[in-house]
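Below is one structure, written out as structure tokens; comments come after it.
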Amino acid sequence: MNRIAIIASTDRGVTLGLIVQKEFQKSALVSTRPSERTEVQSITSIADFLQTSFHSFDAFIFIGALGICVRSIAPYIQDKKEDPAIVNIDDHGKFAQSVLSGHIGGANELTHKIAAITGAQPVITTSSDIQNIWQLDTLANQFRWKARTTSSLTTLISLFVNNKPTAVLLDIKDPGTTYLEKNKPDFVDFYYDYLQIDFSQYELFIAVTYKVYNSSLPTLLYHPQVLHVGMGCSRGIETHLVEESFRDQLFQHQIAIESIKSLGSIDIKYDEEAFIQLAQKLEIPFFTWTADQLNTQQIKNPSETVREKLGVDSVSEASAMLSARNQDLLLEKQKITVASGKKYTLALTLDKTAQRKAMIAIIGAGPGDPELISVKGKQLLEQADLILYAGSLVPEELLTYAKPDTIIRNSASMNLEEQIELMVAYYSQGKMIVRLHSGDPSIYGAIQEQISIFEERGMDYFIVPGISAFQAAAAYLKSEFTIPEVVQTIILTRGEGNTPLPEHEKLNEMARHKATMCIFLSATIAKTVQAQLLEHYSEDTPIAILYRVTWKDEEVYTGTLNELAAIIREHKLTRTVLIIVGVAIGARQNRSQLYHPEHKHIFRTGKPVKL
């Protein structure tokens with residue numbers, strides 16, 4: 001929401017309004033009550049204010065009696081698709097109630113935010129919210145889908161909130177489908193193949209798809225933009241004939257035009273009016289590719305004629321593949337002749353990110369405490385078919401998140417080739433694979449060698465970051481590792497052991513900066529590390545030595561730099577040790593300017609919103 005008006009009816013309401021206003025950047029606090037606060041803008045009456053401003057704001061927060069709110073907005077209510085969100089909160093801050101435009105306008109969400117700010121009890125009366133089930137009227141906006149229905153949306157929502165048996169088909173994968181799968185109501189069954197649905201068992205059909213289905217049931221289709229069209233044509237082909245034929249082709253192949261994401265062609269067609277106009281009509285980008293780019297694709301239906309004229313084997317198929325970053329064609333090249341006798345070709349490809357296929361997730365498990373894995377990392381562990389985890393570096397408690405039938409293997413006893421062989425076997429079956437590393441995979445995670453093999457073999461993967469041990473160390477030490485005007489740099493490094501360091505990264509050279517130094521994998525060479533650091537740090541520089549920080553058996557020792565080697569030797573520390581060096585440890589001096597009362601920024605301008 002961009003603009004919010006807060007209307008306070010009482011002096012107590014003004015006080016509460018000042019608290020609420022601070023949480024919304026573009027909000028105006030108005031009241032009929034006199035106030036010396038510059039943040040409060042005076043109005044003669046609520047009725048006069050709403051008459052001129054009801055459609056100037058995205059939301060109104062009334063602070064006072066609910067009756068005043070209802071009577072005040074009554075003359076101006078028109079349609080739930082147009083009306084602003086209305087929320088009412090009593091001036092004691094006990095109850096925050098969604099009054100108008102709960103879903104589409106966002107009043108329900110705003111109510112929860114206000115309740116969190118004030119400690120009020122949120123009052124939501126819409127059925128889907130009370131049951132904590134999907135809000136069918138807002139899913140499209142939430143996930144940027146386009147909705148198509150065979151019945152009125154009100155009828156469909158009624159079936160859903162009354163828990164009628166519902167079949168849900170998921171033809172693609174995106175954040176929205178992940179949300180649906182994670183929040184499945186009991187009366188819903190998921191399907192991934194239309195032909196497997198026995199429609200006689202259901203009263204409602206919902207699909208997230210790029211296809212058009214003609215079910216006998218009341219149907220709600222959500223169409224995400226996931227299809228890329230490649231096209232070639234005769235020069236000067238008529239715009240209206242191309243559009244008419246294009247729509248007909250999609251209809252024949254039961255493809256939803258709402259799911260088209262881009263149009264692509266060869267670069268010499270950059271000024272082809274038919275393509276430009278079609279892209280504008282569909283509100284999608286028009287991309288062009290060079291001949292060299294098009295020739296990088298492996299084409300199913302090469303054309304000798306196109307090769308002779310343009311120097312490429314394909315325009316339509318190759319363009320679609322490049323735009324979608326996907327070699328699998330959804331619709332192979334179609335050759336169409338329009339009424340004028342001119343010709344065009346088209347091909348369709350599903351965006352690579354939307355495919356339901358095998359995937360490898362490289363996940364950072366965090367420093368040790370199983371609760372310090374990211375929410376996304378935990379969710380992927382719950383979905384995984386194979387988990388390959390890094391032995392003693394990852395707590396086994398994390399593995400309890402896995403499904404009962406998940407295969408879980410410890411990589412400690414496996415070489416890289418054995419790990420890859422196992423992942424390839426599951427990948428070929430279309431499975432979800434999690435490679436679980438300690439800390440954050442980007443820091444001494446040994447992942448680049450795996451990534452190289454994944455890319456060589458064309459295997460899809462992504463990385464989920466994790467909390468590193470150096471961040472866990474800062475939390476344990478209750479320290480900020482960057483102190484204004486003292487130290488503003490953190491160096492993550494290690495001492496030179498079996499693996500040589502680059503010449504320009506020798507530890508004594510890094511020590512010249514006197515930054516907060518976080519040294520990994522160096523406990524066995526502590527004496528050497530100490531000597532190199534002392535070339536530039538003073539002997540009394542604070543240090544912390546952390547063994548398995550955040551684990552149940554963690555050990556943490558503090559001291560000064562001249563004690564470093566002795567502490568490690570005395571406690572017989574050799575593995576999973578992190579050494580922190582620097583004056584930031586335990587420092588409590590110097591203030592940041594960010595929250596200084598004189599410092600203004602975009603969220604704290606000191607200027608009221610104009611009415």
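A note on labels: chains of the structure tokens are A, B, ... as shown, every chain counts residues from 1, and ligands are counted from 1 in their shown order.
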(Q) Could you pull out the alpha helix (DSSP H) residues of range 72-264 of chain A, going by DSSP on the backbone, and write them as a ChimeraX atom specification? (A) /A:72-73,107-118,127-131,139-143,153-161,175-182,239-252
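Within the 7 Å cut-off around range 240-253 of chain A, using only C-alpha atoms and omitting residues fewer than 6 positions from it on the same chain, the listed residues are Ala274, Leu278 and Val338 of chain A.
Within 9 Å of range 474-482 of chain A there are Ala469, Val487, Gln488, Thr489, Ile490, Ala515, Thr516, Ala544, Val549, Thr550, Val556, Gly582, Val583, Ala584, Ile585, Gly586, Ala587 and Arg588 of chain A, counting only C-alpha atoms and ignoring same-chain residues fewer than 5 positions away.
Here CA of Gln121 in chain A and CA of Gly13 in chain A stand 16.6 Å from one another.
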Q) Within 12 Å of Leu169 in chain A, counting only C-alpha atoms, which residues qualify if same-chain residues fewer than 5 places away don't, as a ChimeraX atom specification? A) /A:177,180-181,188-199,204-213,215,219-223
Q | Who sits within 8 Å of range 433-448 of chain A, only C-alpha atoms, same chain under 2 positions skipped, as an MDAnalysis selection string | A | chainID A and resid 358:368 380:381 384:390 393:394 423 426:427 431 450:452 463 465:469
Atoms kept (N, CA, C and O atoms) for selection, written as a tab-separated table (two decimals), in the first residue's frame:
```
chain	number	residue	atom	x	y	z
A	358	ALA	N	13.87	-32.80	-12.21
A	358	ALA	CA	14.89	-33.01	-11.19
A	358	ALA	C	15.62	-31.71	-10.88
A	358	ALA	O	15.79	-30.84	-11.74
A	359	MET	N	16.05	-31.59	-9.62
A	359	MET	CA	16.75	-30.39	-9.20
A	359	MET	C	17.71	-30.75	-8.07
A	359	MET	O	17.43	-31.63	-7.27
A	360	ILE	N	18.85	-30.05	-8.04
A	360	ILE	CA	19.81	-30.21	-6.96
A	360	ILE	C	19.86	-28.91	-6.18
A	360	ILE	O	20.08	-27.84	-6.76
A	361	ALA	N	19.65	-28.99	-4.88
A	361	ALA	CA	19.74	-27.82	-4.00
A	361	ALA	C	20.99	-27.97	-3.14
A	361	ALA	O	21.11	-28.93	-2.38
A	362	ILE	N	21.92	-27.04	-3.28
A	362	ILE	CA	23.09	-26.99	-2.41
A	362	ILE	C	22.73	-26.06	-1.26
A	362	ILE	O	22.53	-24.86	-1.46
A	363	ILE	N	22.64	-26.63	-0.07
A	363	ILE	CA	22.08	-25.88	1.06
A	363	ILE	C	23.11	-25.71	2.17
A	363	ILE	O	23.81	-26.66	2.55
A	364	GLY	N	23.18	-24.50	2.70
A	364	GLY	CA	24.00	-24.24	3.88
A	364	GLY	C	23.23	-24.62	5.12
A	364	GLY	O	22.15	-24.08	5.38
A	365	ALA	N	23.78	-25.54	5.92
A	365	ALA	CA	23.08	-26.04	7.11
A	365	ALA	C	23.21	-25.10	8.30
A	365	ALA	O	22.53	-25.28	9.31
A	366	GLY	N	24.09	-24.11	8.20
A	366	GLY	CA	24.35	-23.24	9.34
A	366	GLY	C	25.50	-23.76	10.17
A	366	GLY	O	26.13	-24.78	9.85
A	367	PRO	N	25.82	-23.10	11.27
A	367	PRO	CA	27.02	-23.42	12.04
A	367	PRO	C	26.93	-24.67	12.90
A	367	PRO	O	27.95	-25.20	13.33
A	368	GLY	N	25.73	-25.16	13.18
A	368	GLY	CA	25.62	-26.34	14.03
A	368	GLY	C	24.26	-26.49	14.67
A	368	GLY	O	23.66	-27.56	14.63
A	380	LEU	N	13.18	-27.38	1.96
A	380	LEU	CA	13.74	-28.25	0.93
A	380	LEU	C	14.15	-29.60	1.50
A	380	LEU	O	14.01	-30.64	0.83
A	381	LEU	N	14.64	-29.61	2.73
A	381	LEU	CA	14.95	-30.89	3.39
A	381	LEU	C	13.68	-31.73	3.52
A	381	LEU	O	13.72	-32.95	3.38
A	384	ALA	N	12.97	-33.31	0.02
A	384	ALA	CA	14.04	-34.03	-0.67
A	384	ALA	C	13.77	-35.53	-0.80
A	384	ALA	O	13.23	-36.16	0.11
A	385	ASP	N	14.21	-36.09	-1.94
A	385	ASP	CA	14.19	-37.54	-2.13
A	385	ASP	C	15.54	-38.15	-1.77
A	385	ASP	O	15.62	-39.32	-1.39
A	386	LEU	N	16.61	-37.36	-1.89
A	386	LEU	CA	17.96	-37.78	-1.51
A	386	LEU	C	18.63	-36.64	-0.77
A	386	LEU	O	18.62	-35.50	-1.24
A	387	ILE	N	19.19	-36.94	0.40
A	387	ILE	CA	19.98	-35.95	1.14
A	387	ILE	C	21.39	-36.51	1.29
A	387	ILE	O	21.59	-37.59	1.86
A	388	LEU	N	22.35	-35.77	0.77
A	388	LEU	CA	23.76	-36.13	0.89
A	388	LEU	C	24.39	-35.06	1.78
A	388	LEU	O	24.50	-33.90	1.38
A	389	TYR	N	24.74	-35.45	3.01
A	389	TYR	CA	25.18	-34.43	3.97
A	389	TYR	C	26.65	-34.62	4.36
A	389	TYR	O	27.21	-35.71	4.25
A	390	ALA	N	27.23	-33.53	4.84
A	390	ALA	CA	28.66	-33.47	5.10
A	390	ALA	C	29.03	-33.99	6.48
A	390	ALA	O	29.48	-33.25	7.36
A	393	LEU	N	30.22	-32.55	10.14
A	393	LEU	CA	30.10	-31.09	10.10
A	393	LEU	C	28.65	-30.63	10.14
A	393	LEU	O	28.38	-29.45	10.34
A	394	VAL	N	27.72	-31.55	9.95
A	394	VAL	CA	26.29	-31.21	9.94
A	394	VAL	C	25.59	-32.00	11.03
A	394	VAL	O	25.73	-33.23	11.11
A	423	MET	N	24.20	-38.82	-7.01
A	423	MET	CA	23.30	-37.74	-7.38
A	423	MET	C	22.78	-37.89	-8.80
A	423	MET	O	21.61	-37.62	-9.08
A	426	TYR	N	19.83	-40.37	-8.96
A	426	TYR	CA	18.55	-39.82	-8.51
A	426	TYR	C	18.06	-38.72	-9.45
A	426	TYR	O	16.87	-38.56	-9.68
A	427	TYR	N	18.99	-37.96	-10.02
A	427	TYR	CA	18.62	-36.89	-10.94
A	427	TYR	C	17.94	-37.47	-12.17
A	427	TYR	O	16.96	-36.91	-12.68
A	431	LYS	N	14.25	-36.71	-9.44
A	431	LYS	CA	14.12	-36.55	-7.99
A	431	LYS	C	14.67	-35.20	-7.51
A	431	LYS	O	15.44	-34.53	-8.19
A	450	GLN	N	31.84	-29.50	-7.58
A	450	GLN	CA	30.55	-30.12	-7.87
A	450	GLN	C	29.80	-29.34	-8.95
A	450	GLN	O	29.24	-29.91	-9.88
A	451	ILE	N	29.81	-28.01	-8.79
A	451	ILE	CA	29.10	-27.15	-9.74
A	451	ILE	C	29.63	-27.34	-11.16
A	451	ILE	O	28.87	-27.38	-12.12
A	452	SER	N	30.95	-27.46	-11.29
A	452	SER	CA	31.54	-27.65	-12.62
A	452	SER	C	30.98	-28.90	-13.28
A	452	SER	O	30.66	-28.90	-14.48
A	463	ILE	N	21.56	-22.68	-5.16
A	463	ILE	CA	22.26	-22.60	-3.86
A	463	ILE	C	21.40	-21.85	-2.87
A	463	ILE	O	20.85	-20.79	-3.18
A	465	PRO	N	21.83	-20.08	0.73
A	465	PRO	CA	22.87	-19.68	1.68
A	465	PRO	C	22.55	-20.11	3.11
A	465	PRO	O	21.39	-20.38	3.45
A	466	GLY	N	23.58	-20.17	3.93
A	466	GLY	CA	23.41	-20.52	5.33
A	466	GLY	C	24.16	-19.55	6.22
A	466	GLY	O	24.95	-18.73	5.76
A	467	ILE	N	23.92	-19.63	7.51
A	467	ILE	CA	24.64	-18.79	8.48
A	467	ILE	C	26.03	-19.37	8.67
A	467	ILE	O	26.19	-20.56	8.94
A	468	SER	N	27.03	-18.54	8.53
A	468	SER	CA	28.41	-19.00	8.68
A	468	SER	C	28.82	-19.00	10.15
A	468	SER	O	28.24	-18.28	10.98
A	469	ALA	N	29.86	-19.77	10.45
A	469	ALA	CA	30.37	-19.83	11.82
A	469	ALA	C	30.84	-18.46	12.31
A	469	ALA	O	30.73	-18.15	13.50
```
Q: Kindly indicate which residue among A:Thr126, A:Asn163, A:Asn410, A:Gln589 lies nearest to Glu485 in chain A, using only C-alpha atoms for the distances.
A: A:Gln589
Can you pull out the residues contacting Ala8 in chain A? Cut-off 12 Å, using only C-alpha atoms, and skip same-chain residues under 4 positions away; I want them as a compact mmCIF listing (two decimals) with N, CA and C atoms, in the first residue's frame.
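Writing done, so here's out-v1.txt:
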```txt
# COMPACT_ATOMS: atom_id res chain seq x y z
N ARG A 12 -6.83 10.15 22.89
CA ARG A 12 -6.14 8.86 23.05
C ARG A 12 -5.86 8.24 21.67
N GLY A 13 -6.81 8.44 20.76
CA GLY A 13 -6.63 7.92 19.40
C GLY A 13 -5.46 8.58 18.70
N VAL A 14 -5.27 9.88 18.95
CA VAL A 14 -4.14 10.59 18.34
C VAL A 14 -2.82 9.99 18.85
N THR A 15 -2.74 9.72 20.14
CA THR A 15 -1.53 9.13 20.72
C THR A 15 -1.23 7.77 20.08
N LEU A 16 -2.27 6.96 19.92
CA LEU A 16 -2.09 5.65 19.29
C LEU A 16 -1.76 5.82 17.81
N GLY A 17 -2.37 6.81 17.18
CA GLY A 17 -2.10 7.07 15.77
C GLY A 17 -0.66 7.43 15.49
N LEU A 18 -0.03 8.16 16.41
CA LEU A 18 1.37 8.53 16.24
C LEU A 18 2.27 7.30 16.24
N ILE A 19 1.90 6.30 17.02
CA ILE A 19 2.67 5.05 17.04
C ILE A 19 2.50 4.30 15.73
N VAL A 20 1.26 4.20 15.28
CA VAL A 20 0.97 3.48 14.04
C VAL A 20 1.62 4.18 12.85
N GLN A 21 1.57 5.50 12.84
CA GLN A 21 2.09 6.26 11.70
C GLN A 21 3.57 5.99 11.45
N ALA A 28 -0.64 9.51 6.47
CA ALA A 28 -1.02 10.82 7.00
C ALA A 28 -1.92 10.60 8.20
N LEU A 29 -1.63 11.29 9.30
CA LEU A 29 -2.44 11.21 10.51
C LEU A 29 -3.29 12.47 10.60
N VAL A 30 -4.62 12.29 10.58
CA VAL A 30 -5.51 13.44 10.62
C VAL A 30 -6.47 13.28 11.81
N SER A 31 -6.92 14.44 12.31
CA SER A 31 -7.84 14.41 13.45
C SER A 31 -8.60 15.71 13.56
N THR A 32 -9.80 15.61 14.11
CA THR A 32 -10.57 16.82 14.41
C THR A 32 -10.16 17.39 15.76
N ARG A 33 -9.33 16.62 16.52
CA ARG A 33 -8.87 17.05 17.83
C ARG A 33 -7.66 17.97 17.67
N PRO A 34 -7.59 19.04 18.43
CA PRO A 34 -6.42 19.93 18.34
C PRO A 34 -5.17 19.21 18.87
N SER A 35 -4.04 19.46 18.23
CA SER A 35 -2.79 18.82 18.65
C SER A 35 -1.62 19.73 18.33
N VAL A 40 0.43 15.62 13.19
CA VAL A 40 -1.02 15.52 13.15
C VAL A 40 -1.58 16.67 12.31
N GLN A 41 -2.31 16.32 11.23
CA GLN A 41 -2.90 17.33 10.36
C GLN A 41 -4.37 17.52 10.73
N SER A 42 -4.76 18.75 10.86
CA SER A 42 -6.11 19.08 11.33
C SER A 42 -7.13 19.01 10.20
N ILE A 43 -8.31 18.42 10.49
CA ILE A 43 -9.42 18.41 9.55
C ILE A 43 -10.65 18.94 10.27
N SER A 45 -13.90 18.02 9.70
CA SER A 45 -14.78 16.90 10.03
C SER A 45 -14.35 15.67 9.23
N ILE A 46 -14.67 14.49 9.75
CA ILE A 46 -14.33 13.26 9.05
C ILE A 46 -15.11 13.18 7.74
N PHE A 60 -7.57 3.26 4.78
CA PHE A 60 -7.91 4.15 5.88
C PHE A 60 -7.88 3.33 7.17
N ILE A 61 -7.22 3.87 8.17
CA ILE A 61 -7.21 3.26 9.50
C ILE A 61 -7.97 4.21 10.42
N PHE A 62 -9.15 3.79 10.86
CA PHE A 62 -9.94 4.59 11.80
C PHE A 62 -9.56 4.19 13.22
N ILE A 63 -9.31 5.17 14.06
CA ILE A 63 -9.03 4.90 15.47
C ILE A 63 -10.15 5.54 16.29
N GLY A 64 -10.99 4.67 16.84
CA GLY A 64 -12.15 5.15 17.59
C GLY A 64 -13.26 4.11 17.53
N ALA A 65 -14.48 4.54 17.69
CA ALA A 65 -15.61 3.63 17.71
C ALA A 65 -15.88 3.06 16.32
N LEU A 66 -16.22 1.78 16.25
CA LEU A 66 -16.51 1.13 14.96
C LEU A 66 -17.70 1.78 14.28
N ILE A 68 -18.61 4.91 14.25
CA ILE A 68 -18.19 6.13 13.53
C ILE A 68 -17.57 5.75 12.20
N CYS A 69 -16.75 4.73 12.21
CA CYS A 69 -16.10 4.25 10.98
C CYS A 69 -17.13 3.84 9.94
N ASN A 88 -10.51 -0.69 11.38
CA ASN A 88 -10.86 0.10 12.56
C ASN A 88 -10.17 -0.48 13.80
N ILE A 89 -9.63 0.42 14.64
CA ILE A 89 -9.03 0.00 15.90
C ILE A 89 -9.55 0.92 16.99
N ASP A 90 -9.94 0.33 18.13
CA ASP A 90 -10.44 1.17 19.22
C ASP A 90 -9.28 1.97 19.80
N ASP A 91 -9.57 3.08 20.45
CA ASP A 91 -8.50 3.98 20.88
C ASP A 91 -7.72 3.47 22.09
N HIS A 92 -8.11 2.31 22.64
CA HIS A 92 -7.30 1.67 23.68
C HIS A 92 -6.38 0.60 23.08
```
As a compact mmCIF listing (two decimals) with N, CA, C and O atoms, in the first residue's frame, list the residues of range 53-171 of chain A assigned to strand (DSSP E or B) by DSSP on the backbone atoms of this structure.
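Output file selection.txt is given in full below:
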```txt
# COMPACT_ATOMS: atom_id res chain seq x y z
N ALA A 59 -5.69 3.01 1.70
CA ALA A 59 -6.27 2.43 2.91
C ALA A 59 -6.57 3.53 3.92
O ALA A 59 -5.92 4.58 3.94
N PHE A 60 -7.57 3.26 4.78
CA PHE A 60 -7.91 4.15 5.88
C PHE A 60 -7.88 3.33 7.17
O PHE A 60 -8.46 2.25 7.24
N ILE A 61 -7.22 3.87 8.17
CA ILE A 61 -7.21 3.26 9.50
C ILE A 61 -7.97 4.21 10.42
O ILE A 61 -7.52 5.33 10.70
N PHE A 62 -9.15 3.79 10.86
CA PHE A 62 -9.94 4.59 11.80
C PHE A 62 -9.56 4.19 13.22
O PHE A 62 -9.51 2.99 13.53
N ILE A 63 -9.31 5.17 14.06
CA ILE A 63 -9.03 4.90 15.47
C ILE A 63 -10.15 5.54 16.29
O ILE A 63 -10.25 6.76 16.38
N ALA A 85 -8.94 -0.21 1.33
CA ALA A 85 -9.00 -1.04 2.53
C ALA A 85 -9.40 -0.18 3.72
O ALA A 85 -8.91 0.94 3.87
N ILE A 86 -10.28 -0.72 4.55
CA ILE A 86 -10.72 0.00 5.75
C ILE A 86 -10.47 -0.89 6.97
O ILE A 86 -10.92 -2.05 7.01
N VAL A 87 -9.76 -0.33 7.95
CA VAL A 87 -9.50 -1.04 9.20
C VAL A 87 -9.89 -0.12 10.35
O VAL A 87 -9.64 1.09 10.29
N ASN A 88 -10.51 -0.69 11.38
CA ASN A 88 -10.86 0.10 12.56
C ASN A 88 -10.17 -0.48 13.80
O ASN A 88 -10.13 -1.69 13.99
N ILE A 89 -9.63 0.42 14.64
CA ILE A 89 -9.03 0.00 15.90
C ILE A 89 -9.55 0.92 16.99
O ILE A 89 -9.67 2.14 16.80
N PHE A 95 -8.61 -4.01 20.00
CA PHE A 95 -9.09 -4.79 18.87
C PHE A 95 -8.85 -4.03 17.57
O PHE A 95 -9.20 -2.85 17.47
N ALA A 96 -8.28 -4.73 16.60
CA ALA A 96 -8.12 -4.18 15.25
C ALA A 96 -8.97 -5.02 14.32
O ALA A 96 -8.82 -6.24 14.25
N GLN A 97 -9.92 -4.38 13.62
CA GLN A 97 -10.89 -5.12 12.82
C GLN A 97 -10.84 -4.73 11.36
O GLN A 97 -10.83 -3.55 11.01
N SER A 98 -10.79 -5.75 10.49
CA SER A 98 -10.90 -5.53 9.05
C SER A 98 -12.36 -5.23 8.73
O SER A 98 -13.25 -6.04 9.03
N VAL A 99 -12.61 -4.09 8.11
CA VAL A 99 -13.98 -3.64 7.89
C VAL A 99 -14.40 -3.77 6.42
O VAL A 99 -15.51 -4.21 6.11
N LEU A 100 -13.51 -3.41 5.49
CA LEU A 100 -13.87 -3.36 4.09
C LEU A 100 -12.66 -3.72 3.22
O LEU A 100 -11.53 -3.39 3.55
N GLN A 121 -5.87 -7.37 19.36
CA GLN A 121 -6.37 -8.64 18.87
C GLN A 121 -6.92 -8.42 17.47
O GLN A 121 -7.85 -7.63 17.27
N PRO A 122 -6.38 -9.09 16.44
CA PRO A 122 -6.92 -8.91 15.09
C PRO A 122 -8.29 -9.57 14.97
O PRO A 122 -8.49 -10.69 15.45
N VAL A 123 -9.22 -8.89 14.34
CA VAL A 123 -10.57 -9.43 14.14
C VAL A 123 -10.79 -9.55 12.63
O VAL A 123 -10.93 -8.54 11.93
N TRP A 145 -0.34 -14.42 -11.36
CA TRP A 145 -1.05 -15.28 -12.28
C TRP A 145 -2.23 -14.50 -12.87
O TRP A 145 -2.61 -13.46 -12.35
N LYS A 146 -2.80 -15.03 -13.93
CA LYS A 146 -4.03 -14.48 -14.49
C LYS A 146 -5.11 -15.55 -14.35
O LYS A 146 -4.88 -16.72 -14.66
N ALA A 147 -6.26 -15.16 -13.86
CA ALA A 147 -7.32 -16.12 -13.54
C ALA A 147 -8.35 -16.21 -14.65
O ALA A 147 -8.69 -15.21 -15.30
N ARG A 148 -8.84 -17.43 -14.87
CA ARG A 148 -9.92 -17.69 -15.82
C ARG A 148 -10.91 -18.64 -15.14
O ARG A 148 -10.50 -19.64 -14.56
N THR A 149 -12.20 -18.34 -15.20
CA THR A 149 -13.19 -19.16 -14.50
C THR A 149 -14.31 -19.59 -15.44
O THR A 149 -14.59 -18.91 -16.44
N THR A 166 -11.96 -30.96 -3.65
CA THR A 166 -11.34 -30.13 -4.68
C THR A 166 -10.13 -30.84 -5.27
O THR A 166 -9.25 -31.31 -4.54
N ALA A 167 -10.07 -30.91 -6.60
CA ALA A 167 -8.89 -31.43 -7.31
C ALA A 167 -8.06 -30.26 -7.77
O ALA A 167 -8.58 -29.33 -8.42
N VAL A 168 -6.76 -30.27 -7.47
CA VAL A 168 -5.85 -29.19 -7.86
C VAL A 168 -4.76 -29.78 -8.75
O VAL A 168 -4.03 -30.69 -8.34
N LEU A 169 -4.66 -29.28 -9.97
CA LEU A 169 -3.66 -29.73 -10.93
C LEU A 169 -2.53 -28.70 -11.00
O LEU A 169 -2.80 -27.51 -11.20
N LEU A 170 -1.30 -29.16 -10.87
CA LEU A 170 -0.14 -28.28 -10.95
C LEU A 170 0.71 -28.69 -12.15
O LEU A 170 1.45 -29.66 -12.10
```
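Rounded to one decimal, CA of Lys357 in chain A and CA of Asp328 in chain A lie 11.8 Å from each other.
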